[in-house]
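K.L.:
Here it is, the structure, as structure tokens.
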Amino acid sequence: MIRLEGVHKIFGDGHAALAGVDLSVARGEVFGIIGRSGAGKSTLVRLLNGLERPTSGRVEVDGIDVAALGGADLRTLRRRIGMIFQNFGLLSSRTVAENVALPLKIGGEAASVTSARVGDLLARVGLQDQGAKYPAQLSGGQKQRVGIARALATGPDILLCDEATSALDPETTHSVLALIAELNRELGLTIVLITHEMEVVRQVCDRVAVLHAGRVVESGTVADVFLRPQAAETRAMIAVAGEDAPAIDFDGRVVRLMLRGDAVWQPVLTRIARETGTDFAILDGRIGRLKDDSFGQLTLGLSGGDVAAAVAALGRAGEVSA
Ligand SMILES: Nc1ncnc2c1ncn2[C@@H]1O[C@H](COP(=O)(O)OP(=O)(O)OP(=O)(O)O)[C@@H](O)[C@H]1O
């Protein structure tokens with residue numbers, strides 16, 4: 001649905017904000033673009049909705065060359081692409097309902113249609129009773145919900161989220177991301193989510209591209225990138241379990257075990273300990289969730305009993321590396 005091919009963006013001062021980006025986002029996908037400050041994330045978003053043109057390369061939405069659009073065609077495309085921002089972008093002098101109504105008013109929608117639609121949109125984001133309030137009377141999470149309702153006003157099929165949760169505390173981030181995931185599921189929205197936070201990607205994204213100095217240094221499913229990061233820039237953003245653990249002088253064999261799905265919640269270690277007579281020490285580890293999956297990464301110290309049989313059994317339960 002979205003495709004970037006060999007995209008370069010060089011600003012007037014000669015700075016290459018994007019230096020040859022290729023990526024594609026499928027319809028209905030939640031796609032994360034992660035990178036540190038200055039990586040080129042905002043530039044990339046601005047290319048998607050035609051606010052900037054690539055210096056070279058092609059940006060396509062549904063096969064349409066975005067840079068070639070102007071006037072009415074560009075306005076039509078922008079109605080299909082909703083956007084939410086880190087600082088919410090609400091007008092402080094307008095009520096919540098008026099903020100949400102704005103894109104409809106600009107689009108020339110009749111007042112009666114607008115009012116019914118605003119009611120539906122506010123209900124959709126859980127703010128049905130807040131329409132008469134002003135943004136200053138809302139919490140950060142509520143403000144972002146207003147931003148989402150406004151972004152949905154023109155009935156887009158793509159939602160761009162530019163650091164949409166970066167100003168929110170973790171709990172509020174969680175609930176706004178849950179809403180974004182729900183919109184993806186229930187409305188079939190294609191979502192491109194720009195962030196510098198791996199946790200955000202982990203909670204909602206299907207696939208992710210890691211942007212560094214204007215280039216995609218790694219991309220893939222969230223499970224692949226999160227659990228087996230290859231690029232140094234990705235590894236620096238993700239604390240790889242066991243990697244930063246202090247070297248332990250363990251008297252026995254040390255292995256790393258990765259478990260996925262149901263195996264995470266099974267009594268794998270105790271079963272293998274009983275069967276092989278091997279003792280397990282847990283030297284490092286974490287257990288967590290990816291969007292629709294669970295994972296466990298453990299560094300284990302094995303001693304006593306039949307260690308070789310224990311390692312083989314671990315290999316059947318999950319993935320073992322030295
Ligand atoms: N209009 C512009 N003119 C010149 N340089 C720019 C312009 N916009 C962005 N840049 C530069 O391009 C690079 C990428 O900027 P961009 O805002 O896309 O990064 P980012 O990953 O979104 O970072 P942040 O998270 O800090 O916003 C930066 O070095 C920035 O200074």
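Note on naming: chains are A, B, ... as they come in the structure tokens, residues start from 1 per chain, ligands start from 1 in the order shown.
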Could you pull out the strand (DSSP E) residues of segment 21-148 of chain A from DSSP and send them as an MDAnalysis selection string?

P.N.:
chainID A and resid 21:25 30:34 56:61 64:65 81:85

K.L.:
Can those selected residues be exported to a file as a PDB file, in the first residue's frame so that it contains C-alpha atoms?

P.N.:
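File produced: selection-v6.pdb:
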```pdb
ATOM      1  CA  VAL A  21      15.355   4.376   1.751  1.00  0.00           C
ATOM      2  CA  ASP A  22      13.483   1.334   0.443  1.00  0.00           C
ATOM      3  CA  LEU A  23      10.507   0.023   2.336  1.00  0.00           C
ATOM      4  CA  SER A  24       6.972  -1.169   1.840  1.00  0.00           C
ATOM      5  CA  VAL A  25       3.961  -1.303   4.114  1.00  0.00           C
ATOM      6  CA  VAL A  30       0.913  -1.761  11.769  1.00  0.00           C
ATOM      7  CA  PHE A  31       4.374  -0.759  10.632  1.00  0.00           C
ATOM      8  CA  GLY A  32       6.908   0.806  12.997  1.00  0.00           C
ATOM      9  CA  ILE A  33       9.749   3.079  11.979  1.00  0.00           C
ATOM     10  CA  ILE A  34      12.190   3.364  14.822  1.00  0.00           C
ATOM     11  CA  SER A  56      15.235  11.449  -5.863  1.00  0.00           C
ATOM     12  CA  GLY A  57      13.454   8.113  -5.673  1.00  0.00           C
ATOM     13  CA  ARG A  58       9.754   7.357  -5.498  1.00  0.00           C
ATOM     14  CA  VAL A  59       7.115   7.497  -2.767  1.00  0.00           C
ATOM     15  CA  GLU A  60       3.917   5.622  -3.622  1.00  0.00           C
ATOM     16  CA  VAL A  61       0.590   5.269  -1.877  1.00  0.00           C
ATOM     17  CA  ILE A  64       0.174   6.697  -6.857  1.00  0.00           C
ATOM     18  CA  ASP A  65       3.381   8.738  -7.087  1.00  0.00           C
ATOM     19  CA  ILE A  81      -4.071   9.867   5.456  1.00  0.00           C
ATOM     20  CA  GLY A  82      -4.857  10.834   9.059  1.00  0.00           C
ATOM     21  CA  MET A  83      -2.029  12.029  11.238  1.00  0.00           C
ATOM     22  CA  ILE A  84      -1.363  12.377  14.960  1.00  0.00           C
ATOM     23  CA  PHE A  85       1.556  14.158  16.607  1.00  0.00           C
TER      24      PHE A  85
END
```

K.L.:
Report as a count of residues only which protein, DNA and RNA residues come within 12 Å of ligand 1, using only C-alpha atoms and all ligand atoms.

P.N.:
49

K.L.:
Enter the distance from atom CA of Ala151 of chain A to atom CA of Gly6 of chain A, in Å, rounded to one decimal.

P.N.:
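Separating atom CA of Ala151 of chain A from atom CA of Gly6 of chain A is a distance of 28.9 Å.
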
K.L.:
Give the alpha helix (DSSP H) residues of segment 64-305 of chain A, as assigned by DSSP on the backbone, as a PyMOL selection string.

P.N.:
chain A and resi 71-80+96-106+111-124+140-152+170-187+198-204+222-227+232-237+268-276

K.L.:
Write out as a CSV table (one decimal) with N, CA and C atoms, in the first residue's frame the residues lying within 12 Å of Arg94 of chain A, counting only C-alpha atoms and excluding same-chain residues fewer than 2 positions away.

P.N.:
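Contents of out_26.csv, freshly written:
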```
chain,number,residue,atom,x,y,z
A,89,GLY,N,-1.3,18.8,18.6
A,89,GLY,CA,-1.7,19.8,17.6
A,89,GLY,C,-3.1,20.3,17.7
A,90,LEU,N,-3.6,20.4,18.9
A,90,LEU,CA,-5.0,20.8,19.0
A,90,LEU,C,-5.1,22.4,19.1
A,91,LEU,N,-6.2,22.9,18.7
A,91,LEU,CA,-6.4,24.4,18.8
A,91,LEU,C,-6.9,24.7,20.2
A,92,SER,N,-6.2,25.4,21.0
A,92,SER,CA,-6.5,25.6,22.4
A,92,SER,C,-7.8,26.5,22.6
A,96,VAL,N,-13.2,20.6,22.3
A,96,VAL,CA,-12.9,19.2,21.8
A,96,VAL,C,-13.7,18.9,20.5
A,97,ALA,N,-15.0,19.2,20.6
A,97,ALA,CA,-15.9,18.9,19.5
A,97,ALA,C,-15.5,19.7,18.3
A,98,GLU,N,-15.2,21.0,18.5
A,98,GLU,CA,-14.8,21.9,17.4
A,98,GLU,C,-13.5,21.4,16.8
A,99,ASN,N,-12.5,21.0,17.6
A,99,ASN,CA,-11.3,20.5,17.1
A,99,ASN,C,-11.5,19.3,16.1
A,100,VAL,N,-12.4,18.4,16.6
A,100,VAL,CA,-12.6,17.1,15.8
A,100,VAL,C,-13.4,17.5,14.5
A,101,ALA,N,-14.2,18.5,14.6
A,101,ALA,CA,-15.1,18.9,13.5
A,101,ALA,C,-14.3,19.6,12.4
A,102,LEU,N,-13.1,20.2,12.8
A,102,LEU,CA,-12.3,21.0,11.8
A,102,LEU,C,-12.1,20.4,10.4
A,131,GLY,N,-17.0,16.5,24.7
A,131,GLY,CA,-17.0,17.4,23.6
A,131,GLY,C,-17.0,18.9,23.9
A,132,ALA,N,-17.6,19.3,25.0
A,132,ALA,CA,-17.7,20.8,25.3
A,132,ALA,C,-16.5,21.3,26.0
A,133,LYS,N,-15.6,20.4,26.4
A,133,LYS,CA,-14.4,20.9,27.1
A,133,LYS,C,-13.4,21.5,26.2
A,134,TYR,N,-12.4,22.2,26.8
A,134,TYR,CA,-11.3,22.8,26.0
A,134,TYR,C,-10.1,21.9,26.2
A,135,PRO,N,-9.1,21.8,25.3
A,135,PRO,CA,-8.0,21.0,25.4
A,135,PRO,C,-7.3,21.1,26.8
A,136,ALA,N,-7.2,22.3,27.3
A,136,ALA,CA,-6.4,22.6,28.5
A,136,ALA,C,-7.1,21.8,29.7
A,137,GLN,N,-8.4,21.4,29.6
A,137,GLN,CA,-9.1,20.7,30.7
A,137,GLN,C,-8.9,19.2,30.6
A,146,VAL,N,-8.4,12.9,21.4
A,146,VAL,CA,-9.0,14.0,20.5
A,146,VAL,C,-8.3,14.0,19.2
```

K.L.:
Which of these residues is nearest to Ala263 of chain A, using only C-alpha atoms: A:Gln297, A:Asn184, A:Thr95, A:Thr276?

P.N.:
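Ranking A:Gln297, A:Asn184, A:Thr95, A:Thr276 by distance to Ala263 of chain A, first place goes to A:Gln297.
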
K.L.:
Give me the residues near Ser321 of chain A as a list in words, where near means some atom within 9 Å (using only C-alpha atoms) and where sequence neighbours in that chain fewer than 5 positions away do not count.

P.N.:
Val255, Arg256, Leu257, Met258 and Gly315 of chain A

K.L.:
Compile the contact shell of segment 222-235 of chain A as JSON, numbers by chain: residues with an atom at most 6 Å away, counting only C-alpha atoms, same-chain residues fewer than 4 positions apart removed.

P.N.:
{"A": [206, 207, 208]}

K.L.:
For Ile191 of chain A, which residue among A:Met1, A:Leu122, A:Leu259, A:Ala312 is the nearest when counting only C-alpha atoms?

P.N.:
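Nearest candidate to Ile191 of chain A out of A:Met1, A:Leu122, A:Leu259, A:Ala312: A:Met1.
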
K.L.:
Taking into account only C-alpha atoms, which residue in the set A:Asp292, A:Ala178, A:Thr299, A:Ile238 is nearest to Val254 of chain A?

P.N.:
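Among the listed residues, A:Thr299 lies closest to Val254 of chain A.
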
K.L.:
Can you tell me which residues surround Ala149 of chain A at a distance of at most 9 Å, considering only C-alpha atoms, apart from same-chain residues fewer than 6 positions away, and format the answer as a list in words?

P.N.:
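Close residues of Ala149 of chain A: Val100, Val118, Leu121, Leu122, Ala123, Arg124 and Val125 of chain A.
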
K.L.:
Give me a file of those residues, with C-alpha atoms, as a compact mmCIF listing (two decimals), in the first residue's frame.

P.N.:
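Result file result-v4.txt:
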```
# COMPACT_ATOMS: atom_id res chain seq x y z
CA VAL A 100 -12.62 17.15 15.82
CA VAL A 118 -18.21 14.22 15.70
CA LEU A 121 -15.80 9.89 16.54
CA LEU A 122 -15.70 10.98 20.19
CA ALA A 123 -17.51 7.79 21.21
CA ARG A 124 -15.04 5.76 19.15
CA VAL A 125 -12.10 7.14 21.20
```

K.L.:
Given only C-alpha atoms as the basis, pick out the residue of A:Leu159, A:Val264, A:Ala308, A:Leu138 nearest to Ile287 of chain A.

P.N.:
A:Val264

K.L.:
For the atom pair atom CA of Gly50 of chain A and atom CA of Arg79 of chain A, what is the interatomic distance in Å to one decimal place?

P.N.:
11.8 Å

K.L.:
When you look at Thr165 of chain A with a cut-off of 9 Å (counting only C-alpha atoms), what residues show up, excluding the ones that are within fewer than 5 positions of it in the same chain? I need them as a list in words.

P.N.:
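Within the cut-off, the hits are Phe85, Gln86, Gly141, Gln144, Pro170, Thr172, Thr173, His174, Val176, Leu177, Thr195 and Val200 of chain A.
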